[in-house]
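*Asks:* My structure file protein13.cif, mmCIF, N, CA and C atoms, is below:
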data_model
loop_
_atom_site.label_atom_id
_atom_site.label_comp_id
_atom_site.auth_asym_id
_atom_site.auth_seq_id
_atom_site.Cartn_x
_atom_site.Cartn_y
_atom_site.Cartn_z
N MET A 82 20.10 173.10 96.57
CA MET A 82 19.92 171.68 96.73
C MET A 82 18.95 171.18 95.67
N THR A 83 19.27 170.03 95.11
CA THR A 83 18.46 169.49 94.03
C THR A 83 17.45 168.49 94.60
N ASN A 84 16.24 168.59 94.11
CA ASN A 84 15.21 167.62 94.52
C ASN A 84 15.20 166.49 93.51
N LEU A 85 15.40 165.29 93.98
CA LEU A 85 15.39 164.12 93.11
C LEU A 85 13.99 163.50 93.13
N ILE A 86 13.53 163.21 91.97
CA ILE A 86 12.23 162.56 91.86
C ILE A 86 12.48 161.07 91.70
N GLU A 87 11.92 160.30 92.59
CA GLU A 87 12.08 158.85 92.52
C GLU A 87 10.98 158.28 91.64
N THR A 88 11.41 157.55 90.64
CA THR A 88 10.42 156.88 89.80
C THR A 88 10.18 155.49 90.38
N PRO A 89 8.96 155.07 90.41
CA PRO A 89 8.69 153.74 90.97
C PRO A 89 9.26 152.65 90.07
N ARG A 90 9.86 151.69 90.69
CA ARG A 90 10.42 150.56 89.95
C ARG A 90 9.33 149.52 89.73
N PRO A 91 9.38 148.85 88.60
CA PRO A 91 8.39 147.79 88.40
C PRO A 91 8.62 146.66 89.40
N ALA A 92 7.55 146.03 89.79
CA ALA A 92 7.66 144.93 90.75
C ALA A 92 8.45 143.79 90.13
N PRO A 93 9.34 143.18 90.89
CA PRO A 93 10.12 142.07 90.32
C PRO A 93 9.19 140.91 89.97
N ARG A 94 9.49 140.32 88.83
CA ARG A 94 8.67 139.20 88.38
C ARG A 94 8.95 137.98 89.26
N PRO A 95 7.92 137.27 89.62
CA PRO A 95 8.16 136.07 90.43
C PRO A 95 8.92 135.02 89.64
N LYS A 96 9.71 134.24 90.34
CA LYS A 96 10.48 133.20 89.68
C LYS A 96 9.55 132.09 89.21
N ARG A 97 9.81 131.60 88.02
CA ARG A 97 8.98 130.53 87.47
C ARG A 97 9.23 129.23 88.21
N PRO A 98 8.21 128.37 88.27
CA PRO A 98 8.43 127.04 88.86
C PRO A 98 9.44 126.24 88.04
N PHE A 99 9.99 125.22 88.64
CA PHE A 99 11.05 124.43 88.01
C PHE A 99 10.59 123.86 86.68
N PHE A 100 9.36 123.37 86.61
CA PHE A 100 8.89 122.69 85.40
C PHE A 100 8.52 123.66 84.29
N LEU A 101 8.62 124.97 84.54
CA LEU A 101 8.36 125.95 83.48
C LEU A 101 9.61 126.71 83.06
N ARG A 102 10.77 126.31 83.57
CA ARG A 102 12.02 126.96 83.17
C ARG A 102 12.63 126.20 82.01
N ARG A 103 13.21 126.95 81.09
CA ARG A 103 13.72 126.35 79.86
C ARG A 103 14.97 125.51 80.10
N GLY A 104 15.93 126.04 80.82
CA GLY A 104 17.23 125.36 80.98
C GLY A 104 17.13 123.98 81.61
N PRO A 105 16.55 123.87 82.80
CA PRO A 105 16.47 122.54 83.43
C PRO A 105 15.62 121.54 82.63
N MET A 106 14.55 122.02 82.02
CA MET A 106 13.69 121.10 81.28
C MET A 106 14.35 120.63 79.98
N GLU A 107 15.17 121.48 79.35
CA GLU A 107 15.92 121.02 78.18
C GLU A 107 16.93 119.95 78.58
N SER A 108 17.52 120.11 79.75
CA SER A 108 18.47 119.09 80.23
C SER A 108 17.77 117.76 80.49
N ILE A 109 16.58 117.82 81.07
CA ILE A 109 15.82 116.60 81.33
C ILE A 109 15.42 115.94 80.01
N ALA A 110 14.99 116.74 79.04
CA ALA A 110 14.60 116.18 77.74
C ALA A 110 15.80 115.54 77.04
N THR A 111 16.95 116.18 77.12
CA THR A 111 18.16 115.62 76.51
C THR A 111 18.55 114.31 77.19
N ALA A 112 18.43 114.26 78.51
CA ALA A 112 18.73 113.03 79.24
C ALA A 112 17.75 111.92 78.85
N LEU A 113 16.49 112.27 78.65
CA LEU A 113 15.49 111.29 78.24
C LEU A 113 15.82 110.73 76.85
N ILE A 114 16.27 111.58 75.95
CA ILE A 114 16.68 111.12 74.62
C ILE A 114 17.89 110.18 74.73
N ALA A 115 18.84 110.54 75.57
CA ALA A 115 20.03 109.70 75.76
C ALA A 115 19.66 108.34 76.36
N ILE A 116 18.74 108.34 77.30
CA ILE A 116 18.29 107.07 77.89
C ILE A 116 17.61 106.22 76.82
N GLY A 117 16.83 106.86 75.94
CA GLY A 117 16.19 106.12 74.85
C GLY A 117 17.20 105.47 73.93
N PHE A 118 18.28 106.19 73.62
CA PHE A 118 19.33 105.60 72.77
C PHE A 118 20.01 104.43 73.48
N LEU A 119 20.29 104.58 74.76
CA LEU A 119 20.90 103.48 75.50
C LEU A 119 19.99 102.26 75.53
N MET A 120 18.69 102.51 75.70
CA MET A 120 17.73 101.41 75.70
C MET A 120 17.68 100.74 74.32
N LEU A 121 17.84 101.51 73.28
CA LEU A 121 17.77 100.98 71.92
C LEU A 121 18.97 100.09 71.58
N PHE A 122 20.15 100.47 72.05
CA PHE A 122 21.37 99.77 71.65
C PHE A 122 21.89 98.77 72.66
N GLN A 123 21.14 98.51 73.72
CA GLN A 123 21.59 97.49 74.66
C GLN A 123 21.11 96.12 74.19
N PRO A 124 21.92 95.07 74.36
CA PRO A 124 21.56 93.76 73.82
C PRO A 124 20.95 92.78 74.83
N PHE A 125 20.62 93.24 76.05
CA PHE A 125 20.30 92.29 77.11
C PHE A 125 18.81 92.12 77.40
N PHE A 126 18.06 93.20 77.47
CA PHE A 126 16.68 93.12 77.93
C PHE A 126 15.72 93.54 76.82
N LEU A 127 14.83 92.64 76.47
CA LEU A 127 13.87 92.92 75.41
C LEU A 127 12.89 94.01 75.83
N MET A 128 12.54 94.08 77.11
CA MET A 128 11.59 95.08 77.58
C MET A 128 12.14 96.49 77.39
N LEU A 129 13.42 96.70 77.66
CA LEU A 129 14.03 98.02 77.43
C LEU A 129 14.02 98.37 75.95
N TYR A 130 14.33 97.39 75.11
CA TYR A 130 14.32 97.61 73.66
C TYR A 130 12.91 97.95 73.17
N THR A 131 11.92 97.31 73.76
CA THR A 131 10.54 97.52 73.35
C THR A 131 10.10 98.96 73.57
N TYR A 132 10.48 99.55 74.68
CA TYR A 132 10.05 100.91 75.02
C TYR A 132 11.05 102.00 74.62
N SER A 133 12.10 101.63 73.90
CA SER A 133 13.12 102.62 73.55
C SER A 133 12.59 103.67 72.57
N LEU A 134 11.82 103.26 71.59
CA LEU A 134 11.30 104.23 70.62
C LEU A 134 10.32 105.20 71.29
N VAL A 135 9.50 104.69 72.18
CA VAL A 135 8.56 105.55 72.91
C VAL A 135 9.33 106.58 73.74
N THR A 136 10.40 106.13 74.38
CA THR A 136 11.22 107.03 75.19
C THR A 136 11.90 108.09 74.32
N LEU A 137 12.42 107.67 73.18
CA LEU A 137 13.05 108.62 72.26
C LEU A 137 12.04 109.66 71.77
N LEU A 138 10.87 109.22 71.38
CA LEU A 138 9.86 110.13 70.88
C LEU A 138 9.37 111.08 71.98
N ALA A 139 9.21 110.58 73.19
CA ALA A 139 8.77 111.43 74.29
C ALA A 139 9.83 112.50 74.59
N GLY A 140 11.10 112.11 74.59
CA GLY A 140 12.17 113.08 74.83
C GLY A 140 12.26 114.11 73.73
N THR A 141 12.08 113.68 72.49
CA THR A 141 12.14 114.61 71.36
C THR A 141 10.97 115.59 71.39
N ALA A 142 9.77 115.08 71.63
CA ALA A 142 8.59 115.96 71.72
C ALA A 142 8.74 116.94 72.89
N MET A 143 9.25 116.44 74.01
CA MET A 143 9.46 117.31 75.17
C MET A 143 10.47 118.41 74.84
N PHE A 144 11.54 118.05 74.14
CA PHE A 144 12.55 119.04 73.79
C PHE A 144 11.98 120.10 72.86
N ILE A 145 11.18 119.69 71.90
CA ILE A 145 10.59 120.65 70.95
C ILE A 145 9.67 121.61 71.68
N ILE A 146 8.86 121.10 72.60
CA ILE A 146 7.93 121.95 73.34
C ILE A 146 8.67 122.88 74.29
N VAL A 147 9.63 122.32 75.03
CA VAL A 147 10.35 123.10 76.05
C VAL A 147 11.23 124.17 75.42
N SER A 148 11.72 123.94 74.22
CA SER A 148 12.60 124.92 73.59
C SER A 148 11.83 126.20 73.23
N LYS A 149 10.53 126.17 73.28
CA LYS A 149 9.72 127.38 73.03
C LYS A 149 9.49 128.19 74.29
N PHE A 150 9.83 127.66 75.47
CA PHE A 150 9.63 128.37 76.73
C PHE A 150 10.54 129.59 76.79
N PRO A 151 10.11 130.66 77.45
CA PRO A 151 11.03 131.80 77.65
C PRO A 151 12.12 131.45 78.63
N GLU A 152 13.24 132.13 78.53
CA GLU A 152 14.35 131.84 79.44
C GLU A 152 14.17 132.48 80.77
#
Please go through the file and, once you have read it, give me the structure as structure tokens.

*Replies:*
Amino acid sequence: MTNLIETPRPAPRPKRPFFLRRGPMESIATALIAIGFLMLFQPFFLMLYTYSLVTLLAGTAMFIIVSKFPE
């Protein structure tokens, strides 16, 4: 009869919180960029047009930062 030696398995890594995962946060950043474009090209409300560049820049900066997160 053969004696098997059990090697200890490494503890499973805990799941990251939602705001630290790459996939969902990239989707949110992409949606923010799309909202900024819609705000920029709509002809009805000046307030939306006023904040469109800020929204675009925030989405772009968020995408650049989030794309460095591990998967």

*Asks:* So how many Å separate atom N of Arg90 of chain A and atom CA of Arg102 of chain A, to one decimal?

*Replies:*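 Going from atom N of Arg90 of chain A over to atom CA of Arg102 of chain A, I get 25.9 Å.
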
*Asks:* So which residues of chain A fall under helix (DSSP H, G or I) by DSSP, listed as a PyMOL selection string?

*Replies:* chain A and resi 99-101+103-122+127-131+133-147

*Asks:* Just N, CA and C atoms for this one: save the residues we selected as a short mmCIF file (atom, residue, chain, number, x, y, z; two decimals), in the frame of the given file.

*Replies:*
data_model
loop_
_atom_site.label_atom_id
_atom_site.label_comp_id
_atom_site.auth_asym_id
_atom_site.auth_seq_id
_atom_site.Cartn_x
_atom_site.Cartn_y
_atom_site.Cartn_z
N PHE A 99 9.99 125.22 88.64
CA PHE A 99 11.05 124.43 88.01
C PHE A 99 10.59 123.86 86.68
N PHE A 100 9.36 123.37 86.61
CA PHE A 100 8.89 122.69 85.40
C PHE A 100 8.52 123.66 84.29
N LEU A 101 8.62 124.97 84.54
CA LEU A 101 8.36 125.95 83.48
C LEU A 101 9.61 126.71 83.06
N ARG A 103 13.21 126.95 81.09
CA ARG A 103 13.72 126.35 79.86
C ARG A 103 14.97 125.51 80.10
N GLY A 104 15.93 126.04 80.82
CA GLY A 104 17.23 125.36 80.98
C GLY A 104 17.13 123.98 81.61
N PRO A 105 16.55 123.87 82.80
CA PRO A 105 16.47 122.54 83.43
C PRO A 105 15.62 121.54 82.63
N MET A 106 14.55 122.02 82.02
CA MET A 106 13.69 121.10 81.28
C MET A 106 14.35 120.63 79.98
N GLU A 107 15.17 121.48 79.35
CA GLU A 107 15.92 121.02 78.18
C GLU A 107 16.93 119.95 78.58
N SER A 108 17.52 120.11 79.75
CA SER A 108 18.47 119.09 80.23
C SER A 108 17.77 117.76 80.49
N ILE A 109 16.58 117.82 81.07
CA ILE A 109 15.82 116.60 81.33
C ILE A 109 15.42 115.94 80.01
N ALA A 110 14.99 116.74 79.04
CA ALA A 110 14.60 116.18 77.74
C ALA A 110 15.80 115.54 77.04
N THR A 111 16.95 116.18 77.12
CA THR A 111 18.16 115.62 76.51
C THR A 111 18.55 114.31 77.19
N ALA A 112 18.43 114.26 78.51
CA ALA A 112 18.73 113.03 79.24
C ALA A 112 17.75 111.92 78.85
N LEU A 113 16.49 112.27 78.65
CA LEU A 113 15.49 111.29 78.24
C LEU A 113 15.82 110.73 76.85
N ILE A 114 16.27 111.58 75.95
CA ILE A 114 16.68 111.12 74.62
C ILE A 114 17.89 110.18 74.73
N ALA A 115 18.84 110.54 75.57
CA ALA A 115 20.03 109.70 75.76
C ALA A 115 19.66 108.34 76.36
N ILE A 116 18.74 108.34 77.30
CA ILE A 116 18.29 107.07 77.89
C ILE A 116 17.61 106.22 76.82
N GLY A 117 16.83 106.86 75.94
CA GLY A 117 16.19 106.12 74.85
C GLY A 117 17.20 105.47 73.93
N PHE A 118 18.28 106.19 73.62
CA PHE A 118 19.33 105.60 72.77
C PHE A 118 20.01 104.43 73.48
N LEU A 119 20.29 104.58 74.76
CA LEU A 119 20.90 103.48 75.50
C LEU A 119 19.99 102.26 75.53
N MET A 120 18.69 102.51 75.70
CA MET A 120 17.73 101.41 75.70
C MET A 120 17.68 100.74 74.32
N LEU A 121 17.84 101.51 73.28
CA LEU A 121 17.77 100.98 71.92
C LEU A 121 18.97 100.09 71.58
N PHE A 122 20.15 100.47 72.05
CA PHE A 122 21.37 99.77 71.65
C PHE A 122 21.89 98.77 72.66
N LEU A 127 14.83 92.64 76.47
CA LEU A 127 13.87 92.92 75.41
C LEU A 127 12.89 94.01 75.83
N MET A 128 12.54 94.08 77.11
CA MET A 128 11.59 95.08 77.58
C MET A 128 12.14 96.49 77.39
N LEU A 129 13.42 96.70 77.66
CA LEU A 129 14.03 98.02 77.43
C LEU A 129 14.02 98.37 75.95
N TYR A 130 14.33 97.39 75.11
CA TYR A 130 14.32 97.61 73.66
C TYR A 130 12.91 97.95 73.17
N THR A 131 11.92 97.31 73.76
CA THR A 131 10.54 97.52 73.35
C THR A 131 10.10 98.96 73.57
N SER A 133 12.10 101.63 73.90
CA SER A 133 13.12 102.62 73.55
C SER A 133 12.59 103.67 72.57
N LEU A 134 11.82 103.26 71.59
CA LEU A 134 11.30 104.23 70.62
C LEU A 134 10.32 105.20 71.29
N VAL A 135 9.50 104.69 72.18
CA VAL A 135 8.56 105.55 72.91
C VAL A 135 9.33 106.58 73.74
N THR A 136 10.40 106.13 74.38
CA THR A 136 11.22 107.03 75.19
C THR A 136 11.90 108.09 74.32
N LEU A 137 12.42 107.67 73.18
CA LEU A 137 13.05 108.62 72.26
C LEU A 137 12.04 109.66 71.77
N LEU A 138 10.87 109.22 71.38
CA LEU A 138 9.86 110.13 70.88
C LEU A 138 9.37 111.08 71.98
N ALA A 139 9.21 110.58 73.19
CA ALA A 139 8.77 111.43 74.29
C ALA A 139 9.83 112.50 74.59
N GLY A 140 11.10 112.11 74.59
CA GLY A 140 12.17 113.08 74.83
C GLY A 140 12.26 114.11 73.73
N THR A 141 12.08 113.68 72.49
CA THR A 141 12.14 114.61 71.36
C THR A 141 10.97 115.59 71.39
N ALA A 142 9.77 115.08 71.63
CA ALA A 142 8.59 115.96 71.72
C ALA A 142 8.74 116.94 72.89
N MET A 143 9.25 116.44 74.01
CA MET A 143 9.46 117.31 75.17
C MET A 143 10.47 118.41 74.84
N PHE A 144 11.54 118.05 74.14
CA PHE A 144 12.55 119.04 73.79
C PHE A 144 11.98 120.10 72.86
N ILE A 145 11.18 119.69 71.90
CA ILE A 145 10.59 120.65 70.95
C ILE A 145 9.67 121.61 71.68
N ILE A 146 8.86 121.10 72.60
CA ILE A 146 7.93 121.95 73.34
C ILE A 146 8.67 122.88 74.29
N VAL A 147 9.63 122.32 75.03
CA VAL A 147 10.35 123.10 76.05
C VAL A 147 11.23 124.17 75.42
#

*Asks:* Between A:Gly104, A:Thr136, A:Pro151, A:Ile145, which residue has the minimum interatomic distance to Gly117 of chain A, considering only C-alpha atoms?

*Replies:*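 Looking at the shortest contact to Gly117 of chain A, the residue is A:Thr136.
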
*Asks:* For the atom pair atom CA of Ile116 of chain A and atom N of Ala139 of chain A, what is the interatomic distance in Å to one decimal place?

*Replies:*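 Computing it gives 10.8 Å between the two atoms.
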
*Asks:* Figure out the distance between atom CA of Ser148 of chain A and atom CA of Ala115 of chain A, please, to one decimal in Å.

*Replies:* 17.1 Å

*Asks:* Which residue, A:Met120, A:Ala92, A:Ile86, A:Met106, has the smallest gap to Val147 of chain A when you use only C-alpha atoms?

*Replies:*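 Selected residue with least distance to Val147 of chain A: A:Met106.
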
*Asks:* Around segment 126-139 of chain A, with edges along x, y and z and 8 Å added on all six sides, what centre and edge lengths do you get, in Å to one decimal, as AutoDock Vina command-line options?

*Replies:*
--center_x 13.3 --center_y 102.6 --center_z 74.3 --size_x 25.5 --size_y 35.9 --size_z 23.3

*Asks:* Taking (14.0, 103.2, 74.5) in the file's coordinates as the center, which residues reach within 6.5 Å of it, counting only N, CA and C atoms, put as a list in words?

*Replies:* Ile116, Gly117, Phe118, Leu119, Met120, Leu121, Leu129, Tyr130, Thr131, Tyr132, Ser133, Leu134, Val135, Thr136 and Leu137 of chain A

*Asks:* Pick the closest to Glu107 of chain A from A:Met143, A:Pro93, A:Phe122, A:Leu127: which is it, counting all atoms listed in the file?

*Replies:*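 Among A:Met143, A:Pro93, A:Phe122, A:Leu127, it is A:Met143 that comes nearest to Glu107 of chain A.
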
*Asks:* Hey, which of A:Lys96, A:Thr141, A:Glu152, A:Leu85 ends up closest to Ala110 of chain A? Count only N, CA and C atoms.

*Replies:* A:Thr141

*Asks:* What would segment 113-124 of chain A look like with N, CA, C and O atoms in place, written as a PDB file, in the frame of the given file?

*Replies:*
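As written to disk, rebuild-v1.pdb reads:
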ATOM      1  N   LEU A 113      16.490 112.270  78.650  1.00  0.00           N
ATOM      2  CA  LEU A 113      15.490 111.290  78.240  1.00  0.00           C
ATOM      3  C   LEU A 113      15.820 110.730  76.850  1.00  0.00           C
ATOM      4  O   LEU A 113      15.689 109.514  76.610  1.00  0.00           O
ATOM      5  N   ILE A 114      16.270 111.580  75.950  1.00  0.00           N
ATOM      6  CA  ILE A 114      16.680 111.120  74.620  1.00  0.00           C
ATOM      7  C   ILE A 114      17.890 110.180  74.730  1.00  0.00           C
ATOM      8  O   ILE A 114      17.943 109.135  74.079  1.00  0.00           O
ATOM      9  N   ALA A 115      18.840 110.540  75.570  1.00  0.00           N
ATOM     10  CA  ALA A 115      20.030 109.700  75.760  1.00  0.00           C
ATOM     11  C   ALA A 115      19.660 108.340  76.360  1.00  0.00           C
ATOM     12  O   ALA A 115      20.186 107.301  75.940  1.00  0.00           O
ATOM     13  N   ILE A 116      18.740 108.340  77.300  1.00  0.00           N
ATOM     14  CA  ILE A 116      18.290 107.070  77.890  1.00  0.00           C
ATOM     15  C   ILE A 116      17.610 106.220  76.820  1.00  0.00           C
ATOM     16  O   ILE A 116      17.795 104.998  76.774  1.00  0.00           O
ATOM     17  N   GLY A 117      16.830 106.860  75.940  1.00  0.00           N
ATOM     18  CA  GLY A 117      16.190 106.120  74.850  1.00  0.00           C
ATOM     19  C   GLY A 117      17.200 105.470  73.930  1.00  0.00           C
ATOM     20  O   GLY A 117      17.019 104.328  73.494  1.00  0.00           O
ATOM     21  N   PHE A 118      18.280 106.190  73.620  1.00  0.00           N
ATOM     22  CA  PHE A 118      19.330 105.600  72.770  1.00  0.00           C
ATOM     23  C   PHE A 118      20.010 104.430  73.480  1.00  0.00           C
ATOM     24  O   PHE A 118      20.289 103.401  72.861  1.00  0.00           O
ATOM     25  N   LEU A 119      20.290 104.580  74.760  1.00  0.00           N
ATOM     26  CA  LEU A 119      20.900 103.480  75.500  1.00  0.00           C
ATOM     27  C   LEU A 119      19.990 102.260  75.530  1.00  0.00           C
ATOM     28  O   LEU A 119      20.437 101.124  75.411  1.00  0.00           O
ATOM     29  N   MET A 120      18.690 102.510  75.700  1.00  0.00           N
ATOM     30  CA  MET A 120      17.730 101.410  75.700  1.00  0.00           C
ATOM     31  C   MET A 120      17.680 100.740  74.320  1.00  0.00           C
ATOM     32  O   MET A 120      17.521  99.524  74.232  1.00  0.00           O
ATOM     33  N   LEU A 121      17.840 101.510  73.280  1.00  0.00           N
ATOM     34  CA  LEU A 121      17.770 100.980  71.920  1.00  0.00           C
ATOM     35  C   LEU A 121      18.970 100.090  71.580  1.00  0.00           C
ATOM     36  O   LEU A 121      18.826  99.064  70.921  1.00  0.00           O
ATOM     37  N   PHE A 122      20.150 100.470  72.050  1.00  0.00           N
ATOM     38  CA  PHE A 122      21.370  99.770  71.650  1.00  0.00           C
ATOM     39  C   PHE A 122      21.890  98.770  72.660  1.00  0.00           C
ATOM     40  O   PHE A 122      22.974  98.227  72.468  1.00  0.00           O
ATOM     41  N   GLN A 123      21.140  98.510  73.720  1.00  0.00           N
ATOM     42  CA  GLN A 123      21.590  97.490  74.660  1.00  0.00           C
ATOM     43  C   GLN A 123      21.110  96.120  74.190  1.00  0.00           C
ATOM     44  O   GLN A 123      20.013  95.984  73.671  1.00  0.00           O
ATOM     45  N   PRO A 124      21.920  95.070  74.360  1.00  0.00           N
ATOM     46  CA  PRO A 124      21.560  93.760  73.820  1.00  0.00           C
ATOM     47  C   PRO A 124      20.950  92.780  74.830  1.00  0.00           C
ATOM     48  O   PRO A 124      20.773  91.621  74.521  1.00  0.00           O
TER      49      PRO A 124
END
